[in-house]
Amino acid sequence: MSRIIKHYLFIVLILTAVVGRAQPTASNNANTNNFSIKGAYSMLRQVANDGTNDSMMNSEQFKIYTDRYMIYVHPAPGDTLAQYGIGQYEIKNGKVMEYVFHTSGAGARKDTFELNISKIGQGYKQTIHFPAAEGRRWTLIEDYINVGKNVSTPLDGAWKQTKVTRITPNGKRSTNNNPTQFKVFESGHFIWVRTTTDTATRQPVSYYGYGSFQMEGDNKLTEINTSSTFRTDLMGVPVPIRVEFIGKDGYRQTITAADGSKIVEEYQRLK
């Protein structure tokens, strides 16, 4: 199976080193570009078909589309570490074209996915047809429900972290000026993903959190992670965050822990 399939299909076969490209196929959806997929979605079902059999996946995945960007994330099978992808998208010939530029496993990428989109109930169905790999032609089908709220905030959009500073209770600071973290806000929901290098294995390790948020005035928001790598510390726990906007395309967020320590993160809007 090609590496490109791994970004969406994470439990099937051992990967090869070949990178494929999703192929055009007939769409069951509208024939125009006049539809919007912007919103926050929770996956209900994931099915992989190898041309002969369906394999139902027991997977948890969340996906957000802003006006120009998309991000998806799910915990790794049997683990709480993250598998994610982020990129731009466009609606073209009645289909959604996703251009993934960064993933948890491979870092910077240039992958293209063509999605057939069909409206179902309060959500949508997406179908991806992959080129033949190992003698099989794979199709991946995912059903999503729209969980977004009809709200708009100054934070809506996709952001890349540019700097993070940790401050201990006694004032000692440590700063990372080259972090790999993305955060996306849309429809009252958020996803954050972070990749670091494991000091022992020198391999990338990724973390995540997603859930709902609410602005409280211009300079404060509260986040509640409904799923995260840090299940005990974050899941279901309201996290108050102080926000300071830096022009129209930057912001700084400060999280203060119970012991007085702080995490100060700076973000730049992806354009």
# chains A, B, ... in the order shown; residues from 1 in each chain; ligands from 1
call {"tool": "select_by_dssp", "arguments": {"residues": "stretch 85-230 of chain A", "states": "strand (DSSP E)", "output": "PyMOL selection string"}}
result
chain A and resi 85-92+95-103+107-120+123-129+139-146+157-167+173-176+181-186+189-197+204-215+220-228
call {"tool": "residues_around", "arguments": {"residues": "A:Gly236", "least_positions_apart": "2", "cutoff": "12 Å", "atoms": "only C-alpha atoms", "output": "PDB file with all heavy atoms, in the first residue's frame"}}
result
ATOM      1  N   GLY A 209      -5.111  17.411  20.566  1.00  0.00           N
ATOM      2  CA  GLY A 209      -6.291  17.657  21.370  1.00  0.00           C
ATOM      3  C   GLY A 209      -7.339  18.294  20.475  1.00  0.00           C
ATOM      4  O   GLY A 209      -7.002  19.049  19.555  1.00  0.00           O
ATOM      5  N   TYR A 210      -8.586  17.987  20.698  1.00  0.00           N
ATOM      6  CA  TYR A 210      -9.656  18.682  19.979  1.00  0.00           C
ATOM      7  C   TYR A 210     -10.896  18.735  20.854  1.00  0.00           C
ATOM      8  O   TYR A 210     -11.064  17.951  21.780  1.00  0.00           O
ATOM      9  CB  TYR A 210      -9.966  18.028  18.626  1.00  0.00           C
ATOM     10  CG  TYR A 210     -10.515  16.624  18.645  1.00  0.00           C
ATOM     11  CD1 TYR A 210     -11.845  16.361  18.998  1.00  0.00           C
ATOM     12  CD2 TYR A 210      -9.727  15.545  18.262  1.00  0.00           C
ATOM     13  CE1 TYR A 210     -12.351  15.068  18.986  1.00  0.00           C
ATOM     14  CE2 TYR A 210     -10.224  14.256  18.249  1.00  0.00           C
ATOM     15  CZ  TYR A 210     -11.536  14.025  18.594  1.00  0.00           C
ATOM     16  OH  TYR A 210     -12.038  12.743  18.578  1.00  0.00           O
ATOM     17  N   GLY A 211     -11.745  19.703  20.526  1.00  0.00           N
ATOM     18  CA  GLY A 211     -12.959  19.876  21.311  1.00  0.00           C
ATOM     19  C   GLY A 211     -13.646  21.177  20.955  1.00  0.00           C
ATOM     20  O   GLY A 211     -13.529  21.674  19.832  1.00  0.00           O
ATOM     21  N   SER A 212     -14.326  21.770  21.924  1.00  0.00           N
ATOM     22  CA  SER A 212     -15.082  23.002  21.700  1.00  0.00           C
ATOM     23  C   SER A 212     -14.439  24.154  22.467  1.00  0.00           C
ATOM     24  O   SER A 212     -13.708  23.946  23.434  1.00  0.00           O
ATOM     25  CB  SER A 212     -16.535  22.824  22.144  1.00  0.00           C
ATOM     26  OG  SER A 212     -16.605  22.532  23.528  1.00  0.00           O
ATOM     27  N   PHE A 213     -14.725  25.378  22.006  1.00  0.00           N
ATOM     28  CA  PHE A 213     -14.203  26.557  22.697  1.00  0.00           C
ATOM     29  C   PHE A 213     -15.249  27.661  22.672  1.00  0.00           C
ATOM     30  O   PHE A 213     -16.157  27.669  21.834  1.00  0.00           O
ATOM     31  CB  PHE A 213     -12.898  27.046  22.063  1.00  0.00           C
ATOM     32  CG  PHE A 213     -13.079  27.814  20.778  1.00  0.00           C
ATOM     33  CD1 PHE A 213     -13.059  29.206  20.764  1.00  0.00           C
ATOM     34  CD2 PHE A 213     -13.266  27.150  19.576  1.00  0.00           C
ATOM     35  CE1 PHE A 213     -13.215  29.918  19.589  1.00  0.00           C
ATOM     36  CE2 PHE A 213     -13.426  27.852  18.385  1.00  0.00           C
ATOM     37  CZ  PHE A 213     -13.398  29.243  18.389  1.00  0.00           C
ATOM     38  N   THR A 222     -12.240  29.828  26.639  1.00  0.00           N
ATOM     39  CA  THR A 222     -12.179  28.591  27.412  1.00  0.00           C
ATOM     40  C   THR A 222     -12.304  27.423  26.458  1.00  0.00           C
ATOM     41  O   THR A 222     -13.228  27.375  25.641  1.00  0.00           O
ATOM     42  CB  THR A 222     -13.291  28.529  28.465  1.00  0.00           C
ATOM     43  OG1 THR A 222     -13.124  29.610  29.391  1.00  0.00           O
ATOM     44  CG2 THR A 222     -13.238  27.216  29.234  1.00  0.00           C
ATOM     45  N   GLU A 223     -11.353  26.501  26.542  1.00  0.00           N
ATOM     46  CA  GLU A 223     -11.366  25.300  25.705  1.00  0.00           C
ATOM     47  C   GLU A 223     -11.713  24.082  26.549  1.00  0.00           C
ATOM     48  O   GLU A 223     -11.290  23.984  27.704  1.00  0.00           O
ATOM     49  CB  GLU A 223      -9.993  25.073  25.066  1.00  0.00           C
ATOM     50  CG  GLU A 223      -9.579  26.145  24.081  1.00  0.00           C
ATOM     51  CD  GLU A 223      -8.210  25.877  23.491  1.00  0.00           C
ATOM     52  OE1 GLU A 223      -7.487  24.972  23.977  1.00  0.00           O
ATOM     53  OE2 GLU A 223      -7.845  26.591  22.548  1.00  0.00           O
ATOM     54  N   ILE A 224     -12.458  23.164  25.950  1.00  0.00           N
ATOM     55  CA  ILE A 224     -12.710  21.867  26.572  1.00  0.00           C
ATOM     56  C   ILE A 224     -12.337  20.790  25.566  1.00  0.00           C
ATOM     57  O   ILE A 224     -12.970  20.664  24.510  1.00  0.00           O
ATOM     58  CB  ILE A 224     -14.180  21.709  27.010  1.00  0.00           C
ATOM     59  CG1 ILE A 224     -14.532  22.767  28.055  1.00  0.00           C
ATOM     60  CG2 ILE A 224     -14.408  20.308  27.591  1.00  0.00           C
ATOM     61  CD1 ILE A 224     -15.965  22.690  28.539  1.00  0.00           C
ATOM     62  N   ASN A 225     -11.287  20.057  25.845  1.00  0.00           N
ATOM     63  CA  ASN A 225     -10.854  18.961  24.969  1.00  0.00           C
ATOM     64  C   ASN A 225     -11.777  17.757  25.175  1.00  0.00           C
ATOM     65  O   ASN A 225     -11.894  17.240  26.291  1.00  0.00           O
ATOM     66  CB  ASN A 225      -9.416  18.549  25.278  1.00  0.00           C
ATOM     67  CG  ASN A 225      -8.404  19.576  24.833  1.00  0.00           C
ATOM     68  OD1 ASN A 225      -7.774  19.442  23.783  1.00  0.00           O
ATOM     69  ND2 ASN A 225      -8.219  20.620  25.634  1.00  0.00           N
ATOM     70  N   THR A 226     -12.411  17.313  24.113  1.00  0.00           N
ATOM     71  CA  THR A 226     -13.218  16.094  24.192  1.00  0.00           C
ATOM     72  C   THR A 226     -12.383  14.849  23.897  1.00  0.00           C
ATOM     73  O   THR A 226     -12.782  13.738  24.230  1.00  0.00           O
ATOM     74  CB  THR A 226     -14.407  16.156  23.231  1.00  0.00           C
ATOM     75  OG1 THR A 226     -13.928  16.408  21.902  1.00  0.00           O
ATOM     76  CG2 THR A 226     -15.369  17.265  23.635  1.00  0.00           C
ATOM     77  N   SER A 227     -11.202  15.052  23.304  1.00  0.00           N
ATOM     78  CA  SER A 227     -10.258  13.951  23.089  1.00  0.00           C
ATOM     79  C   SER A 227      -8.862  14.539  23.036  1.00  0.00           C
ATOM     80  O   SER A 227      -8.654  15.627  22.486  1.00  0.00           O
ATOM     81  CB  SER A 227     -10.571  13.198  21.793  1.00  0.00           C
ATOM     82  OG  SER A 227      -9.690  12.098  21.624  1.00  0.00           O
ATOM     83  N   SER A 228      -7.905  13.835  23.632  1.00  0.00           N
ATOM     84  CA  SER A 228      -6.542  14.342  23.654  1.00  0.00           C
ATOM     85  C   SER A 228      -5.571  13.232  24.025  1.00  0.00           C
ATOM     86  O   SER A 228      -5.942  12.245  24.673  1.00  0.00           O
ATOM     87  CB  SER A 228      -6.407  15.485  24.665  1.00  0.00           C
ATOM     88  OG  SER A 228      -5.064  15.933  24.760  1.00  0.00           O
ATOM     89  N   PHE A 230      -3.397  13.751  26.184  1.00  0.00           N
ATOM     90  CA  PHE A 230      -3.290  13.951  27.629  1.00  0.00           C
ATOM     91  C   PHE A 230      -4.673  13.782  28.259  1.00  0.00           C
ATOM     92  O   PHE A 230      -5.332  14.752  28.645  1.00  0.00           O
ATOM     93  CB  PHE A 230      -2.695  15.317  27.912  1.00  0.00           C
ATOM     94  CG  PHE A 230      -1.402  15.550  27.185  1.00  0.00           C
ATOM     95  CD1 PHE A 230      -1.356  16.374  26.078  1.00  0.00           C
ATOM     96  CD2 PHE A 230      -0.242  14.906  27.583  1.00  0.00           C
ATOM     97  CE1 PHE A 230      -0.162  16.576  25.393  1.00  0.00           C
ATOM     98  CE2 PHE A 230       0.956  15.089  26.904  1.00  0.00           C
ATOM     99  CZ  PHE A 230       0.993  15.925  25.805  1.00  0.00           C
ATOM    100  N   ARG A 231      -5.105  12.549  28.345  1.00  0.00           N
ATOM    101  CA  ARG A 231      -6.493  12.267  28.702  1.00  0.00           C
ATOM    102  C   ARG A 231      -6.831  12.668  30.126  1.00  0.00           C
ATOM    103  O   ARG A 231      -7.893  13.220  30.385  1.00  0.00           O
ATOM    104  CB  ARG A 231      -6.781  10.782  28.473  1.00  0.00           C
ATOM    105  CG  ARG A 231      -6.465  10.362  27.041  1.00  0.00           C
ATOM    106  CD  ARG A 231      -7.267   9.212  26.541  1.00  0.00           C
ATOM    107  NE  ARG A 231      -7.139   9.108  25.094  1.00  0.00           N
ATOM    108  CZ  ARG A 231      -7.819   8.255  24.353  1.00  0.00           C
ATOM    109  NH1 ARG A 231      -8.668   7.424  24.933  1.00  0.00           N
ATOM    110  NH2 ARG A 231      -7.658   8.215  23.047  1.00  0.00           N
ATOM    111  N   THR A 232      -5.952  12.406  31.064  1.00  0.00           N
ATOM    112  CA  THR A 232      -6.235  12.751  32.458  1.00  0.00           C
ATOM    113  C   THR A 232      -6.213  14.250  32.678  1.00  0.00           C
ATOM    114  O   THR A 232      -7.070  14.811  33.364  1.00  0.00           O
ATOM    115  CB  THR A 232      -5.225  12.067  33.390  1.00  0.00           C
ATOM    116  OG1 THR A 232      -5.299  10.655  33.213  1.00  0.00           O
ATOM    117  CG2 THR A 232      -5.519  12.401  34.842  1.00  0.00           C
ATOM    118  N   ASP A 233      -5.241  14.934  32.095  1.00  0.00           N
ATOM    119  CA  ASP A 233      -5.064  16.358  32.354  1.00  0.00           C
ATOM    120  C   ASP A 233      -6.026  17.244  31.580  1.00  0.00           C
ATOM    121  O   ASP A 233      -6.386  18.332  32.066  1.00  0.00           O
ATOM    122  CB  ASP A 233      -3.627  16.777  32.011  1.00  0.00           C
ATOM    123  CG  ASP A 233      -2.605  16.142  32.937  1.00  0.00           C
ATOM    124  OD1 ASP A 233      -2.977  15.802  34.070  1.00  0.00           O
ATOM    125  OD2 ASP A 233      -1.444  15.986  32.515  1.00  0.00           O
ATOM    126  N   LEU A 234      -6.439  16.814  30.368  1.00  0.00           N
ATOM    127  CA  LEU A 234      -7.177  17.726  29.505  1.00  0.00           C
ATOM    128  C   LEU A 234      -8.610  17.323  29.190  1.00  0.00           C
ATOM    129  O   LEU A 234      -9.475  18.198  29.068  1.00  0.00           O
ATOM    130  CB  LEU A 234      -6.423  17.919  28.177  1.00  0.00           C
ATOM    131  CG  LEU A 234      -5.148  18.764  28.222  1.00  0.00           C
ATOM    132  CD1 LEU A 234      -4.559  18.910  26.823  1.00  0.00           C
ATOM    133  CD2 LEU A 234      -5.418  20.127  28.823  1.00  0.00           C
ATOM    134  N   PRO A 238     -12.173  22.210  31.632  1.00  0.00           N
ATOM    135  CA  PRO A 238     -12.141  23.566  31.068  1.00  0.00           C
ATOM    136  C   PRO A 238     -10.754  24.186  31.225  1.00  0.00           C
ATOM    137  O   PRO A 238     -10.184  24.175  32.312  1.00  0.00           O
ATOM    138  CB  PRO A 238     -13.200  24.320  31.877  1.00  0.00           C
ATOM    139  CG  PRO A 238     -14.072  23.251  32.458  1.00  0.00           C
ATOM    140  CD  PRO A 238     -13.180  22.077  32.706  1.00  0.00           C
ATOM    141  N   VAL A 239     -10.214  24.709  30.120  1.00  0.00           N
ATOM    142  CA  VAL A 239      -8.894  25.341  30.141  1.00  0.00           C
ATOM    143  C   VAL A 239      -9.063  26.818  29.792  1.00  0.00           C
ATOM    144  O   VAL A 239      -9.311  27.168  28.637  1.00  0.00           O
ATOM    145  CB  VAL A 239      -7.944  24.671  29.139  1.00  0.00           C
ATOM    146  CG1 VAL A 239      -6.568  25.366  29.174  1.00  0.00           C
ATOM    147  CG2 VAL A 239      -7.793  23.182  29.436  1.00  0.00           C
TER     148      VAL A 239
END
call {"tool": "closest_residue", "arguments": {"among": "A:Arg45, A:Arg252, A:Lys160, A:Lys38", "to": "A:Arg269", "atoms": "only C-alpha atoms"}}
result
A:Lys160
call {"tool": "residues_around", "arguments": {"residues": "A:Ile86", "least_positions_apart": "6", "cutoff": "12 Å", "atoms": "only C-alpha atoms", "output": "PDB file with N, CA and C atoms, in the first residue's frame"}}
result
ATOM      1  N   HIS A   7      -2.131   8.217   5.352  1.00  0.00           N
ATOM      2  CA  HIS A   7      -2.643   9.435   5.964  1.00  0.00           C
ATOM      3  C   HIS A   7      -4.115   9.303   6.331  1.00  0.00           C
ATOM      4  N   TYR A   8      -4.861   8.464   5.582  1.00  0.00           N
ATOM      5  CA  TYR A   8      -6.270   8.273   5.885  1.00  0.00           C
ATOM      6  C   TYR A   8      -6.563   6.866   6.377  1.00  0.00           C
ATOM      7  N   LYS A  63     -12.390  16.249  12.198  1.00  0.00           N
ATOM      8  CA  LYS A  63     -11.938  16.969  11.007  1.00  0.00           C
ATOM      9  C   LYS A  63     -12.559  18.356  10.984  1.00  0.00           C
ATOM     10  N   ILE A  64     -11.760  19.343  10.621  1.00  0.00           N
ATOM     11  CA  ILE A  64     -12.240  20.712  10.507  1.00  0.00           C
ATOM     12  C   ILE A  64     -11.869  21.262   9.136  1.00  0.00           C
ATOM     13  N   TYR A  65     -12.837  21.927   8.510  1.00  0.00           N
ATOM     14  CA  TYR A  65     -12.595  22.725   7.311  1.00  0.00           C
ATOM     15  C   TYR A  65     -12.840  24.189   7.650  1.00  0.00           C
ATOM     16  N   THR A  66     -11.836  25.055   7.409  1.00  0.00           N
ATOM     17  CA  THR A  66     -12.060  26.492   7.482  1.00  0.00           C
ATOM     18  C   THR A  66     -12.449  26.961   6.080  1.00  0.00           C
ATOM     19  N   ARG A  68     -10.357  27.911   3.870  1.00  0.00           N
ATOM     20  CA  ARG A  68      -9.314  27.502   2.924  1.00  0.00           C
ATOM     21  C   ARG A  68      -8.513  26.287   3.366  1.00  0.00           C
ATOM     22  N   TYR A  69      -8.544  25.963   4.662  1.00  0.00           N
ATOM     23  CA  TYR A  69      -7.686  24.915   5.190  1.00  0.00           C
ATOM     24  C   TYR A  69      -8.504  23.765   5.760  1.00  0.00           C
ATOM     25  N   MET A  70      -7.862  22.593   5.817  1.00  0.00           N
ATOM     26  CA  MET A  70      -8.463  21.431   6.456  1.00  0.00           C
ATOM     27  C   MET A  70      -7.435  20.778   7.355  1.00  0.00           C
ATOM     28  N   ILE A  71      -7.938  20.131   8.403  1.00  0.00           N
ATOM     29  CA  ILE A  71      -7.081  19.353   9.287  1.00  0.00           C
ATOM     30  C   ILE A  71      -7.882  18.171   9.793  1.00  0.00           C
ATOM     31  N   TYR A  72      -7.244  17.016   9.876  1.00  0.00           N
ATOM     32  CA  TYR A  72      -7.874  15.845  10.493  1.00  0.00           C
ATOM     33  C   TYR A  72      -6.903  15.264  11.507  1.00  0.00           C
ATOM     34  N   VAL A  73      -7.445  14.608  12.530  1.00  0.00           N
ATOM     35  CA  VAL A  73      -6.586  13.979  13.529  1.00  0.00           C
ATOM     36  C   VAL A  73      -7.324  12.800  14.134  1.00  0.00           C
ATOM     37  N   GLU A  98      -7.961  18.099  -1.678  1.00  0.00           N
ATOM     38  CA  GLU A  98      -7.163  18.412  -0.498  1.00  0.00           C
ATOM     39  C   GLU A  98      -5.680  18.345  -0.844  1.00  0.00           C
ATOM     40  N   TYR A  99      -4.944  19.365  -0.435  1.00  0.00           N
ATOM     41  CA  TYR A  99      -3.512  19.450  -0.706  1.00  0.00           C
ATOM     42  C   TYR A  99      -2.780  19.446   0.638  1.00  0.00           C
ATOM     43  N   VAL A 100      -2.438  18.262   1.087  1.00  0.00           N
ATOM     44  CA  VAL A 100      -1.832  18.092   2.416  1.00  0.00           C
ATOM     45  C   VAL A 100      -0.360  18.481   2.360  1.00  0.00           C
ATOM     46  N   PHE A 101       0.045  19.409   3.259  1.00  0.00           N
ATOM     47  CA  PHE A 101       1.438  19.860   3.246  1.00  0.00           C
ATOM     48  C   PHE A 101       2.217  19.434   4.486  1.00  0.00           C
ATOM     49  N   HIS A 102       1.538  18.839   5.483  1.00  0.00           N
ATOM     50  CA  HIS A 102       2.269  18.375   6.670  1.00  0.00           C
ATOM     51  C   HIS A 102       1.481  17.251   7.328  1.00  0.00           C
ATOM     52  N   THR A 103       2.185  16.180   7.701  1.00  0.00           N
ATOM     53  CA  THR A 103       1.560  15.069   8.412  1.00  0.00           C
ATOM     54  C   THR A 103       2.419  14.688   9.615  1.00  0.00           C
ATOM     55  N   SER A 104       1.803  13.968  10.539  1.00  0.00           N
ATOM     56  CA  SER A 104       2.501  13.565  11.754  1.00  0.00           C
ATOM     57  C   SER A 104       3.652  12.615  11.463  1.00  0.00           C
ATOM     58  N   GLY A 105       3.473  11.727  10.512  1.00  0.00           N
ATOM     59  CA  GLY A 105       4.467  10.699  10.268  1.00  0.00           C
ATOM     60  C   GLY A 105       5.580  11.096   9.329  1.00  0.00           C
ATOM     61  N   ALA A 106       5.285  12.027   8.413  1.00  0.00           N
ATOM     62  CA  ALA A 106       6.246  12.327   7.358  1.00  0.00           C
ATOM     63  C   ALA A 106       6.693  13.778   7.327  1.00  0.00           C
ATOM     64  N   GLY A 107       6.152  14.619   8.196  1.00  0.00           N
ATOM     65  CA  GLY A 107       6.549  16.023   8.189  1.00  0.00           C
ATOM     66  C   GLY A 107       6.021  16.734   6.956  1.00  0.00           C
ATOM     67  N   ALA A 108       6.864  17.576   6.367  1.00  0.00           N
ATOM     68  CA  ALA A 108       6.449  18.331   5.187  1.00  0.00           C
ATOM     69  C   ALA A 108       6.141  17.391   4.037  1.00  0.00           C
ATOM     70  N   ARG A 109       5.006  17.620   3.378  1.00  0.00           N
ATOM     71  CA  ARG A 109       4.548  16.745   2.299  1.00  0.00           C
ATOM     72  C   ARG A 109       4.037  17.597   1.145  1.00  0.00           C
ATOM     73  N   LYS A 110       3.757  16.953   0.033  1.00  0.00           N
ATOM     74  CA  LYS A 110       3.006  17.549  -1.072  1.00  0.00           C
ATOM     75  C   LYS A 110       2.124  16.443  -1.634  1.00  0.00           C
ATOM     76  N   ASP A 111       1.028  16.164  -0.934  1.00  0.00           N
ATOM     77  CA  ASP A 111       0.115  15.095  -1.328  1.00  0.00           C
ATOM     78  C   ASP A 111      -1.230  15.679  -1.742  1.00  0.00           C
ATOM     79  N   THR A 112      -1.834  15.067  -2.735  1.00  0.00           N
ATOM     80  CA  THR A 112      -3.130  15.502  -3.224  1.00  0.00           C
ATOM     81  C   THR A 112      -4.146  14.386  -3.076  1.00  0.00           C
ATOM     82  N   PHE A 113      -5.321  14.730  -2.518  1.00  0.00           N
ATOM     83  CA  PHE A 113      -6.419  13.782  -2.392  1.00  0.00           C
ATOM     84  C   PHE A 113      -7.639  14.356  -3.084  1.00  0.00           C
ATOM     85  N   ALA A 158      -6.708  28.858  10.370  1.00  0.00           N
ATOM     86  CA  ALA A 158      -5.607  27.924  10.628  1.00  0.00           C
ATOM     87  C   ALA A 158      -4.360  28.710  11.032  1.00  0.00           C
ATOM     88  N   TRP A 159      -3.668  28.218  12.047  1.00  0.00           N
ATOM     89  CA  TRP A 159      -2.525  28.921  12.623  1.00  0.00           C
ATOM     90  C   TRP A 159      -1.331  27.986  12.789  1.00  0.00           C
ATOM     91  N   LYS A 160      -0.137  28.535  12.651  1.00  0.00           N
ATOM     92  CA  LYS A 160       1.097  27.783  12.930  1.00  0.00           C
ATOM     93  C   LYS A 160       1.816  28.440  14.105  1.00  0.00           C
ATOM     94  N   GLN A 181       3.841  22.965  15.598  1.00  0.00           N
ATOM     95  CA  GLN A 181       2.497  22.860  16.150  1.00  0.00           C
ATOM     96  C   GLN A 181       1.548  23.689  15.294  1.00  0.00           C
ATOM     97  N   PHE A 182       0.385  23.117  15.048  1.00  0.00           N
ATOM     98  CA  PHE A 182      -0.661  23.793  14.301  1.00  0.00           C
ATOM     99  C   PHE A 182      -1.920  23.831  15.159  1.00  0.00           C
ATOM    100  N   LYS A 183      -2.738  24.872  14.933  1.00  0.00           N
ATOM    101  CA  LYS A 183      -4.000  24.974  15.643  1.00  0.00           C
ATOM    102  C   LYS A 183      -5.039  25.562  14.699  1.00  0.00           C
ATOM    103  N   VAL A 184      -6.219  24.967  14.710  1.00  0.00           N
ATOM    104  CA  VAL A 184      -7.294  25.397  13.810  1.00  0.00           C
ATOM    105  C   VAL A 184      -8.555  25.633  14.624  1.00  0.00           C
ATOM    106  N   ILE A 191      -8.837  22.184  16.863  1.00  0.00           N
ATOM    107  CA  ILE A 191      -7.891  21.057  16.868  1.00  0.00           C
ATOM    108  C   ILE A 191      -6.497  21.644  17.030  1.00  0.00           C
ATOM    109  N   TRP A 192      -5.714  21.102  17.944  1.00  0.00           N
ATOM    110  CA  TRP A 192      -4.292  21.427  17.980  1.00  0.00           C
ATOM    111  C   TRP A 192      -3.504  20.132  17.822  1.00  0.00           C
ATOM    112  N   VAL A 193      -2.378  20.212  17.125  1.00  0.00           N
ATOM    113  CA  VAL A 193      -1.497  19.047  16.920  1.00  0.00           C
ATOM    114  C   VAL A 193      -0.060  19.509  17.063  1.00  0.00           C
ATOM    115  N   ARG A 194       0.764  18.674  17.640  1.00  0.00           N
ATOM    116  CA  ARG A 194       2.164  19.018  17.883  1.00  0.00           C
ATOM    117  C   ARG A 194       3.049  17.812  17.615  1.00  0.00           C
ATOM    118  N   LEU A 270      -2.061  31.090   8.948  1.00  0.00           N
ATOM    119  CA  LEU A 270      -1.715  30.552   7.638  1.00  0.00           C
ATOM    120  C   LEU A 270      -2.559  31.258   6.586  1.00  0.00           C
TER     121      LEU A 270
END
call {"tool": "closest_atom_pairs", "arguments": {"of": "stretch 158-251 of chain A", "to": "stretch 133-147 of chain A", "cutoff": "10 Å", "atoms": "only C-alpha atoms", "output": "tab-separated table"}}
result
residue	atom	partner	partner_atom	distance
A:Ser187	CA	A:Val147	CA	8.4
A:Gly188	CA	A:Val147	CA	9.1
A:His189	CA	A:Val147	CA	8.5
A:Ser212	CA	A:Val147	CA	9.6
call {"tool": "closest_residue", "arguments": {"among": "A:Glu60, A:Tyr251, A:Tyr267, A:Leu44", "to": "A:Thr80", "atoms": "only C-alpha atoms"}}
result
A:Glu60
call {"tool": "closest_residue", "arguments": {"among": "A:Ser42, A:Ser261, A:Gln126, A:Thr199", "to": "A:Gly171", "atoms": "only C-alpha atoms"}}
result
A:Ser261
call {"tool": "atom_distance", "arguments": {"atom1": "atom CA of A:Phe185", "atom2": "atom CA of A:Lys92"}}
result
23.8 Å
call {"tool": "select_by_dssp", "arguments": {"residues": "stretch 177-242 of chain A", "states": "helix (DSSP H, G or I)", "output": "PyMOL selection string"}}
result
chain A and resi 231-234
call {"tool": "write_last_selection", "arguments": {"atoms": "C-alpha atoms", "output": "compact mmCIF listing (two decimals), in the first residue's frame"}}
result
# COMPACT_ATOMS: atom_id res chain seq x y z
CA ARG A 231 -6.49 12.27 28.70
CA THR A 232 -6.24 12.75 32.46
CA ASP A 233 -5.06 16.36 32.35
CA LEU A 234 -7.18 17.73 29.50
call {"tool": "residues_around", "arguments": {"residues": "A:Met56", "least_positions_apart": "5", "cutoff": "7 Å", "atoms": "only C-alpha atoms", "output": "list in words"}}
result
Gln46, Val47 and Ala48 of chain A
call {"tool": "write_last_selection", "arguments": {"atoms": "C-alpha atoms", "output": "compact mmCIF listing (two decimals), in the first residue's frame"}}
result
# COMPACT_ATOMS: atom_id res chain seq x y z
CA GLN A 46 -14.77 4.34 8.26
CA VAL A 47 -14.77 1.52 5.72
CA ALA A 48 -11.89 0.33 3.52
call {"tool": "atom_distance", "arguments": {"atom1": "atom CA of A:Thr175", "atom2": "atom CA of A:Gln268"}}
result
16.8 Å
call {"tool": "closest_residue", "arguments": {"among": "A:Met97, A:Gly148, A:Gln253, A:Thr229", "to": "A:Gly78", "atoms": "only C-alpha atoms"}}
result
A:Thr229
